[in-house]
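Printed here is query23.cif (mmCIF, N, CA and C atoms):
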```cif
data_model
#
loop_
_atom_site.group_PDB
_atom_site.id
_atom_site.type_symbol
_atom_site.label_atom_id
_atom_site.label_comp_id
_atom_site.auth_asym_id
_atom_site.auth_seq_id
_atom_site.Cartn_x
_atom_site.Cartn_y
_atom_site.Cartn_z
ATOM 1 N N MET A 1 8.388 0.629 -11.593
ATOM 2 C CA MET A 1 7.768 1.614 -10.710
ATOM 3 C C MET A 1 7.200 0.929 -9.462
ATOM 4 N N ARG A 2 6.654 -0.266 -9.620
ATOM 5 C CA ARG A 2 6.090 -1.005 -8.488
ATOM 6 C C ARG A 2 7.146 -1.175 -7.393
ATOM 7 N N THR A 3 8.333 -1.593 -7.802
ATOM 8 C CA THR A 3 9.415 -1.800 -6.837
ATOM 9 C C THR A 3 9.795 -0.494 -6.155
ATOM 10 N N LYS A 4 9.837 0.596 -6.907
ATOM 11 C CA LYS A 4 10.170 1.902 -6.318
ATOM 12 C C LYS A 4 9.127 2.313 -5.283
ATOM 13 N N LEU A 5 7.860 2.082 -5.584
ATOM 14 C CA LEU A 5 6.802 2.426 -4.635
ATOM 15 C C LEU A 5 6.920 1.603 -3.357
ATOM 16 N N ILE A 6 7.182 0.313 -3.515
ATOM 17 C CA ILE A 6 7.318 -0.568 -2.344
ATOM 18 C C ILE A 6 8.514 -0.138 -1.498
ATOM 19 N N LEU A 7 9.646 0.122 -2.141
ATOM 20 C CA LEU A 7 10.844 0.532 -1.399
ATOM 21 C C LEU A 7 10.628 1.872 -0.697
ATOM 22 N N ALA A 8 9.903 2.785 -1.331
ATOM 23 C CA ALA A 8 9.585 4.063 -0.689
ATOM 24 C C ALA A 8 8.688 3.835 0.529
ATOM 25 N N GLY A 9 7.743 2.923 0.402
ATOM 26 C CA GLY A 9 6.877 2.592 1.539
ATOM 27 C C GLY A 9 7.666 1.995 2.688
ATOM 28 N N VAL A 10 8.590 1.093 2.384
ATOM 29 C CA VAL A 10 9.438 0.493 3.413
ATOM 30 C C VAL A 10 10.257 1.578 4.107
ATOM 31 N N ARG A 11 10.864 2.446 3.331
ATOM 32 C CA ARG A 11 11.678 3.536 3.887
ATOM 33 C C ARG A 11 10.835 4.417 4.817
ATOM 34 N N ASN A 12 9.638 4.775 4.369
ATOM 35 C CA ASN A 12 8.766 5.624 5.188
ATOM 36 C C ASN A 12 8.358 4.931 6.486
ATOM 37 N N LEU A 13 8.004 3.661 6.399
ATOM 38 C CA LEU A 13 7.601 2.951 7.614
ATOM 39 C C LEU A 13 8.761 2.806 8.582
ATOM 40 N N LYS A 14 9.958 2.594 8.076
ATOM 41 C CA LYS A 14 11.132 2.523 8.961
ATOM 42 C C LYS A 14 11.348 3.868 9.651
ATOM 43 N N GLU A 15 11.142 4.962 8.921
ATOM 44 C CA GLU A 15 11.268 6.291 9.519
ATOM 45 C C GLU A 15 10.200 6.531 10.583
ATOM 46 N N PHE A 16 9.044 5.899 10.438
ATOM 47 C CA PHE A 16 7.956 6.031 11.412
ATOM 48 C C PHE A 16 8.146 5.109 12.611
ATOM 49 N N GLY A 17 9.249 4.345 12.623
ATOM 50 C CA GLY A 17 9.539 3.513 13.784
ATOM 51 C C GLY A 17 9.197 2.041 13.639
ATOM 52 N N TYR A 18 9.140 1.546 12.432
ATOM 53 C CA TYR A 18 8.871 0.125 12.190
ATOM 54 C C TYR A 18 10.103 -0.514 11.540
ATOM 55 N N PRO A 19 11.147 -0.806 12.324
ATOM 56 C CA PRO A 19 12.406 -1.305 11.755
ATOM 57 C C PRO A 19 12.306 -2.692 11.135
ATOM 58 N N MET A 20 11.276 -3.427 11.461
ATOM 59 C CA MET A 20 11.153 -4.806 10.971
ATOM 60 C C MET A 20 10.474 -4.902 9.601
ATOM 61 N N VAL A 21 10.013 -3.795 9.047
ATOM 62 C CA VAL A 21 9.321 -3.831 7.756
ATOM 63 C C VAL A 21 10.323 -4.148 6.646
ATOM 64 N N THR A 22 9.876 -4.965 5.704
ATOM 65 C CA THR A 22 10.685 -5.350 4.543
ATOM 66 C C THR A 22 9.832 -5.228 3.280
ATOM 67 N N PRO A 23 10.463 -5.271 2.104
ATOM 68 C CA PRO A 23 9.665 -5.244 0.872
ATOM 69 C C PRO A 23 8.701 -6.428 0.757
ATOM 70 N N GLU A 24 9.005 -7.505 1.434
ATOM 71 C CA GLU A 24 8.113 -8.664 1.386
ATOM 72 C C GLU A 24 6.937 -8.506 2.344
ATOM 73 N N ASN A 25 7.228 -8.136 3.612
ATOM 74 C CA ASN A 25 6.131 -8.136 4.582
ATOM 75 C C ASN A 25 5.272 -6.871 4.546
ATOM 76 N N ILE A 26 5.710 -5.837 3.829
ATOM 77 C CA ILE A 26 4.851 -4.651 3.685
ATOM 78 C C ILE A 26 3.593 -5.003 2.886
ATOM 79 N N LEU A 27 3.676 -6.077 2.119
ATOM 80 C CA LEU A 27 2.547 -6.507 1.289
ATOM 81 C C LEU A 27 1.672 -7.557 1.977
ATOM 82 N N THR A 28 2.153 -8.102 3.122
ATOM 83 C CA THR A 28 1.422 -9.200 3.747
ATOM 84 C C THR A 28 1.039 -8.957 5.201
ATOM 85 N N GLU A 29 1.898 -8.310 5.974
ATOM 86 C CA GLU A 29 1.601 -8.052 7.390
ATOM 87 C C GLU A 29 0.555 -6.948 7.497
ATOM 88 N N ASP A 30 -0.513 -7.223 8.206
ATOM 89 C CA ASP A 30 -1.669 -6.321 8.208
ATOM 90 C C ASP A 30 -1.325 -4.888 8.609
ATOM 91 N N VAL A 31 -0.563 -4.703 9.674
ATOM 92 C CA VAL A 31 -0.243 -3.345 10.126
ATOM 93 C C VAL A 31 0.546 -2.597 9.060
ATOM 94 N N PHE A 32 1.582 -3.238 8.525
ATOM 95 C CA PHE A 32 2.399 -2.599 7.503
ATOM 96 C C PHE A 32 1.580 -2.322 6.250
ATOM 97 N N LYS A 33 0.780 -3.291 5.881
ATOM 98 C CA LYS A 33 -0.036 -3.165 4.664
ATOM 99 C C LYS A 33 -1.020 -2.002 4.776
ATOM 100 N N ARG A 34 -1.655 -1.848 5.913
ATOM 101 C CA ARG A 34 -2.626 -0.758 6.118
ATOM 102 C C ARG A 34 -1.942 0.612 6.008
ATOM 103 N N PHE A 35 -0.767 0.740 6.628
ATOM 104 C CA PHE A 35 -0.024 1.994 6.514
ATOM 105 C C PHE A 35 0.365 2.254 5.059
ATOM 106 N N PHE A 36 0.809 1.217 4.367
ATOM 107 C CA PHE A 36 1.243 1.359 2.978
ATOM 108 C C PHE A 36 0.071 1.760 2.093
ATOM 109 N N ILE A 37 -1.085 1.150 2.293
ATOM 110 C CA ILE A 37 -2.281 1.513 1.528
ATOM 111 C C ILE A 37 -2.616 2.986 1.744
ATOM 112 N N SER A 38 -2.541 3.440 2.977
ATOM 113 C CA SER A 38 -2.808 4.843 3.278
ATOM 114 C C SER A 38 -1.814 5.759 2.564
ATOM 115 N N MET A 39 -0.541 5.377 2.588
ATOM 116 C CA MET A 39 0.484 6.170 1.901
ATOM 117 C C MET A 39 0.223 6.226 0.403
ATOM 118 N N LEU A 40 -0.143 5.085 -0.167
ATOM 119 C CA LEU A 40 -0.418 5.041 -1.605
ATOM 120 C C LEU A 40 -1.590 5.960 -1.949
ATOM 121 N N LYS A 41 -2.668 5.869 -1.176
ATOM 122 C CA LYS A 41 -3.844 6.705 -1.435
ATOM 123 C C LYS A 41 -3.507 8.184 -1.322
ATOM 124 N N ASP A 42 -2.639 8.525 -0.366
ATOM 125 C CA ASP A 42 -2.231 9.925 -0.196
ATOM 126 C C ASP A 42 -1.447 10.443 -1.398
ATOM 127 N N ASN A 43 -0.858 9.542 -2.164
ATOM 128 C CA ASN A 43 -0.032 9.955 -3.304
ATOM 129 C C ASN A 43 -0.766 9.910 -4.642
ATOM 130 N N LEU A 44 -2.025 9.533 -4.642
ATOM 131 C CA LEU A 44 -2.803 9.583 -5.876
ATOM 132 C C LEU A 44 -2.904 11.021 -6.347
ATOM 133 N N GLY A 45 -2.766 11.215 -7.641
ATOM 134 C CA GLY A 45 -2.845 12.552 -8.210
ATOM 135 C C GLY A 45 -1.508 13.270 -8.268
ATOM 136 N N LYS A 46 -0.472 12.616 -7.765
ATOM 137 C CA LYS A 46 0.861 13.230 -7.762
ATOM 138 C C LYS A 46 1.782 12.560 -8.776
ATOM 139 N N GLY A 47 1.215 11.731 -9.645
ATOM 140 C CA GLY A 47 2.011 10.990 -10.628
ATOM 141 C C GLY A 47 2.010 9.510 -10.272
ATOM 142 N N ALA A 48 2.223 8.692 -11.258
ATOM 143 C CA ALA A 48 2.285 7.229 -11.095
ATOM 144 C C ALA A 48 0.949 6.633 -10.647
ATOM 145 N N ASP A 49 -0.156 7.312 -10.957
ATOM 146 C CA ASP A 49 -1.460 6.811 -10.524
ATOM 147 C C ASP A 49 -1.754 5.403 -11.036
ATOM 148 N N LYS A 50 -1.354 5.106 -12.244
ATOM 149 C CA LYS A 50 -1.606 3.770 -12.798
ATOM 150 C C LYS A 50 -0.937 2.708 -11.939
ATOM 151 N N ASP A 51 0.311 2.936 -11.567
ATOM 152 C CA ASP A 51 1.044 1.971 -10.745
ATOM 153 C C ASP A 51 0.497 1.925 -9.319
ATOM 154 N N ILE A 52 0.142 3.088 -8.783
ATOM 155 C CA ILE A 52 -0.435 3.137 -7.440
ATOM 156 C C ILE A 52 -1.763 2.386 -7.415
ATOM 157 N N ASN A 53 -2.608 2.627 -8.401
ATOM 158 C CA ASN A 53 -3.906 1.939 -8.453
ATOM 159 C C ASN A 53 -3.749 0.437 -8.614
ATOM 160 N N ALA A 54 -2.730 0.009 -9.359
ATOM 161 C CA ALA A 54 -2.477 -1.426 -9.511
ATOM 162 C C ALA A 54 -2.098 -2.042 -8.163
ATOM 163 N N LEU A 55 -1.240 -1.373 -7.421
ATOM 164 C CA LEU A 55 -0.859 -1.874 -6.095
ATOM 165 C C LEU A 55 -2.049 -1.854 -5.146
ATOM 166 N N LEU A 56 -2.840 -0.798 -5.186
ATOM 167 C CA LEU A 56 -4.019 -0.732 -4.328
ATOM 168 C C LEU A 56 -4.997 -1.868 -4.639
ATOM 169 N N ALA A 57 -5.172 -2.181 -5.909
ATOM 170 C CA ALA A 57 -6.071 -3.274 -6.291
ATOM 171 C C ALA A 57 -5.545 -4.607 -5.774
ATOM 172 N N GLU A 58 -4.242 -4.750 -5.754
ATOM 173 C CA GLU A 58 -3.623 -5.984 -5.252
ATOM 174 C C GLU A 58 -3.741 -6.076 -3.730
ATOM 175 N N LEU A 59 -3.522 -4.972 -3.049
ATOM 176 C CA LEU A 59 -3.486 -4.967 -1.587
ATOM 177 C C LEU A 59 -4.852 -4.822 -0.938
ATOM 178 N N ASP A 60 -5.742 -4.129 -1.579
ATOM 179 C CA ASP A 60 -7.033 -3.792 -0.977
ATOM 180 C C ASP A 60 -8.141 -3.909 -2.020
ATOM 181 N N PRO A 61 -8.359 -5.144 -2.515
ATOM 182 C CA PRO A 61 -9.357 -5.291 -3.571
ATOM 183 C C PRO A 61 -10.749 -4.896 -3.077
ATOM 184 N N PRO A 62 -11.549 -4.319 -3.958
ATOM 185 C CA PRO A 62 -12.903 -3.937 -3.553
ATOM 186 C C PRO A 62 -13.702 -5.170 -3.126
ATOM 187 N N GLN A 63 -14.461 -5.004 -2.075
ATOM 188 C CA GLN A 63 -15.283 -6.102 -1.580
ATOM 189 C C GLN A 63 -16.634 -6.081 -2.284
ATOM 190 N N PRO A 64 -17.132 -7.256 -2.636
ATOM 191 C CA PRO A 64 -18.465 -7.274 -3.256
ATOM 192 C C PRO A 64 -19.502 -6.750 -2.275
ATOM 193 N N GLN A 65 -20.438 -5.984 -2.802
ATOM 194 C CA GLN A 65 -21.472 -5.438 -1.937
ATOM 195 C C GLN A 65 -22.513 -6.507 -1.634
ATOM 196 N N LYS A 66 -22.950 -6.512 -0.388
ATOM 197 C CA LYS A 66 -23.987 -7.451 0.008
ATOM 198 C C LYS A 66 -25.320 -6.961 -0.526
ATOM 199 N N GLU A 67 -26.147 -7.924 -0.898
ATOM 200 C CA GLU A 67 -27.474 -7.558 -1.387
ATOM 201 C C GLU A 67 -28.312 -7.036 -0.241
ATOM 202 N N ARG A 68 -29.051 -5.997 -0.535
ATOM 203 C CA ARG A 68 -29.969 -5.469 0.465
ATOM 204 C C ARG A 68 -31.255 -6.268 0.409
ATOM 205 N N THR A 69 -31.766 -6.583 1.572
ATOM 206 C CA THR A 69 -33.039 -7.329 1.616
ATOM 207 C C THR A 69 -34.108 -6.547 2.307
#
```
Could you rewrite the structure in this file as C-alpha coordinates?
Amino acid sequence: MRTKLILAGVRNLKEFGYPMVTPENILTEDVFKRFFISMLKDNLGKGADKDINALLAELDPPQPQKERT
(Lines of atoms letter the chains of each structure in order from A and count residues from 1; the text may use other names and numbers.)
(Lines give C-alpha, C1' and ligand atoms only; values in the text may rest on other atoms or scores of the structure.)
Protein backbone atom coordinates (compact mmCIF):
# COMPACT_ATOMS: atom_id res chain seq x y z
CA MET A 1 0.00 0.00 0.00
CA ARG A 2 2.90 2.37 0.76
CA THR A 3 4.14 2.08 -2.81
CA LYS A 4 0.64 2.67 -4.20
CA LEU A 5 0.27 5.83 -2.11
CA ILE A 6 3.66 7.14 -3.25
CA LEU A 7 2.92 6.41 -6.91
CA ALA A 8 -0.48 8.12 -6.60
CA GLY A 9 1.25 11.15 -5.09
CA VAL A 10 3.77 11.24 -7.94
CA ARG A 11 0.98 10.98 -10.51
CA ASN A 12 -0.97 13.81 -8.85
CA LEU A 13 2.04 16.10 -8.62
CA LYS A 14 2.88 15.49 -12.28
CA GLU A 15 -0.71 16.43 -13.15
CA PHE A 16 -0.27 19.63 -11.11
CA GLY A 17 2.72 20.57 -13.28
CA TYR A 18 5.72 19.04 -11.51
CA PRO A 19 7.21 16.76 -14.21
CA MET A 20 10.44 16.20 -12.29
CA VAL A 21 8.81 14.45 -9.31
CA THR A 22 9.78 10.80 -8.80
CA PRO A 23 8.95 8.14 -6.20
CA GLU A 24 12.33 8.86 -4.64
CA ASN A 25 12.30 12.65 -4.48
CA ILE A 26 8.66 12.98 -3.39
CA LEU A 27 9.93 11.77 -0.01
CA THR A 28 12.98 14.06 0.17
CA GLU A 29 12.53 17.28 -1.85
CA ASP A 30 10.82 19.81 0.40
CA VAL A 31 8.32 21.19 -2.13
CA PHE A 32 7.23 17.75 -3.30
CA LYS A 33 7.15 16.40 0.23
CA ARG A 34 4.93 19.24 1.50
CA PHE A 35 2.42 18.71 -1.32
CA PHE A 36 2.46 14.95 -0.68
CA ILE A 37 1.88 15.42 3.05
CA SER A 38 -1.10 17.65 2.26
CA MET A 39 -2.50 15.05 -0.14
CA LEU A 40 -2.08 12.30 2.44
CA LYS A 41 -3.84 14.34 5.14
CA ASP A 42 -6.70 15.08 2.73
CA ASN A 43 -7.20 11.33 2.26
CA LEU A 44 -7.43 10.40 5.94
CA GLY A 45 -10.78 8.81 6.69
CA LYS A 46 -11.19 7.50 3.15
CA GLY A 47 -9.46 4.16 3.78
CA ALA A 48 -5.84 3.10 4.24
CA ASP A 49 -5.50 5.35 7.30
CA LYS A 50 -2.94 3.03 8.89
CA ASP A 51 -0.67 3.27 5.85
CA ILE A 52 -1.28 7.01 5.44
CA ASN A 53 -0.45 7.65 9.10
CA ALA A 54 2.73 5.57 8.78
CA LEU A 55 3.87 7.68 5.83
CA LEU A 56 2.92 10.90 7.61
CA ALA A 57 4.96 9.84 10.65
CA GLU A 58 7.93 9.18 8.38
CA LEU A 59 7.61 12.42 6.41
CA ASP A 60 6.40 14.83 9.07
CA PRO A 61 7.29 13.50 12.51
CA PRO A 62 5.80 15.42 15.42
CA GLN A 63 8.17 17.98 16.86
CA PRO A 64 8.87 17.91 20.58
CA GLN A 65 7.17 20.76 22.35
CA LYS A 66 9.38 23.38 23.89
CA GLU A 67 9.07 23.85 27.61
CA ARG A 68 7.24 26.94 28.65
CA THR A 69 9.13 29.17 31.03
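For the choices A:Leu59, A:Met1, A:Ala8, A:Ile52, the atom-to-atom distance to Lys33 (chain A) is smallest for A:Leu59 when using only N, CA and C atoms.
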*Go ahead and compute the interatomic distance for CA of Lys4 (chain A) and CA of Ala48 (chain A), in Å to one decimal.*
10.6 Å
*So which residues fall inside 8 Å of (-2.2, -1.4, -2.0) if we count all atoms listed in the file? Mind giving them as a ChimeraX atom specification?*
/A:27,33-34,36-38,40-41,52-61
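We find CA of Lys46 (chain A) and CA of Leu5 (chain A) to be spaced 12.7 Å apart.
Atom C of Pro62 (chain A) lies 23.8 Å from atom N of Val10 (chain A).
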_List the spatial neighbours of region 19-23 of chain A as a PyMOL selection string - criterion: any atom at most 8 Å away, all atoms listed in the file, same-chain residues fewer than 2 positions off excluded._
chain A and resi 6-7+9-11+13-17+25-28+32
*Among chain A, which ones does DSSP place in alpha helix (DSSP H), written as a PyMOL selection string?*
chain A and resi 2-15+30-42+49-59
Would you compute an axis-aligned box for region 29-33 of chain A, covering every atom listed for it in the file with 3 Å of margin on each side, and report centre and edge lengths in Å to one decimal as JSON?
```
{"center_x": 0.4, "center_y": -5.2, "center_z": 7.4, "size_x": 10.1, "size_y": 12.3, "size_z": 11.5}
```
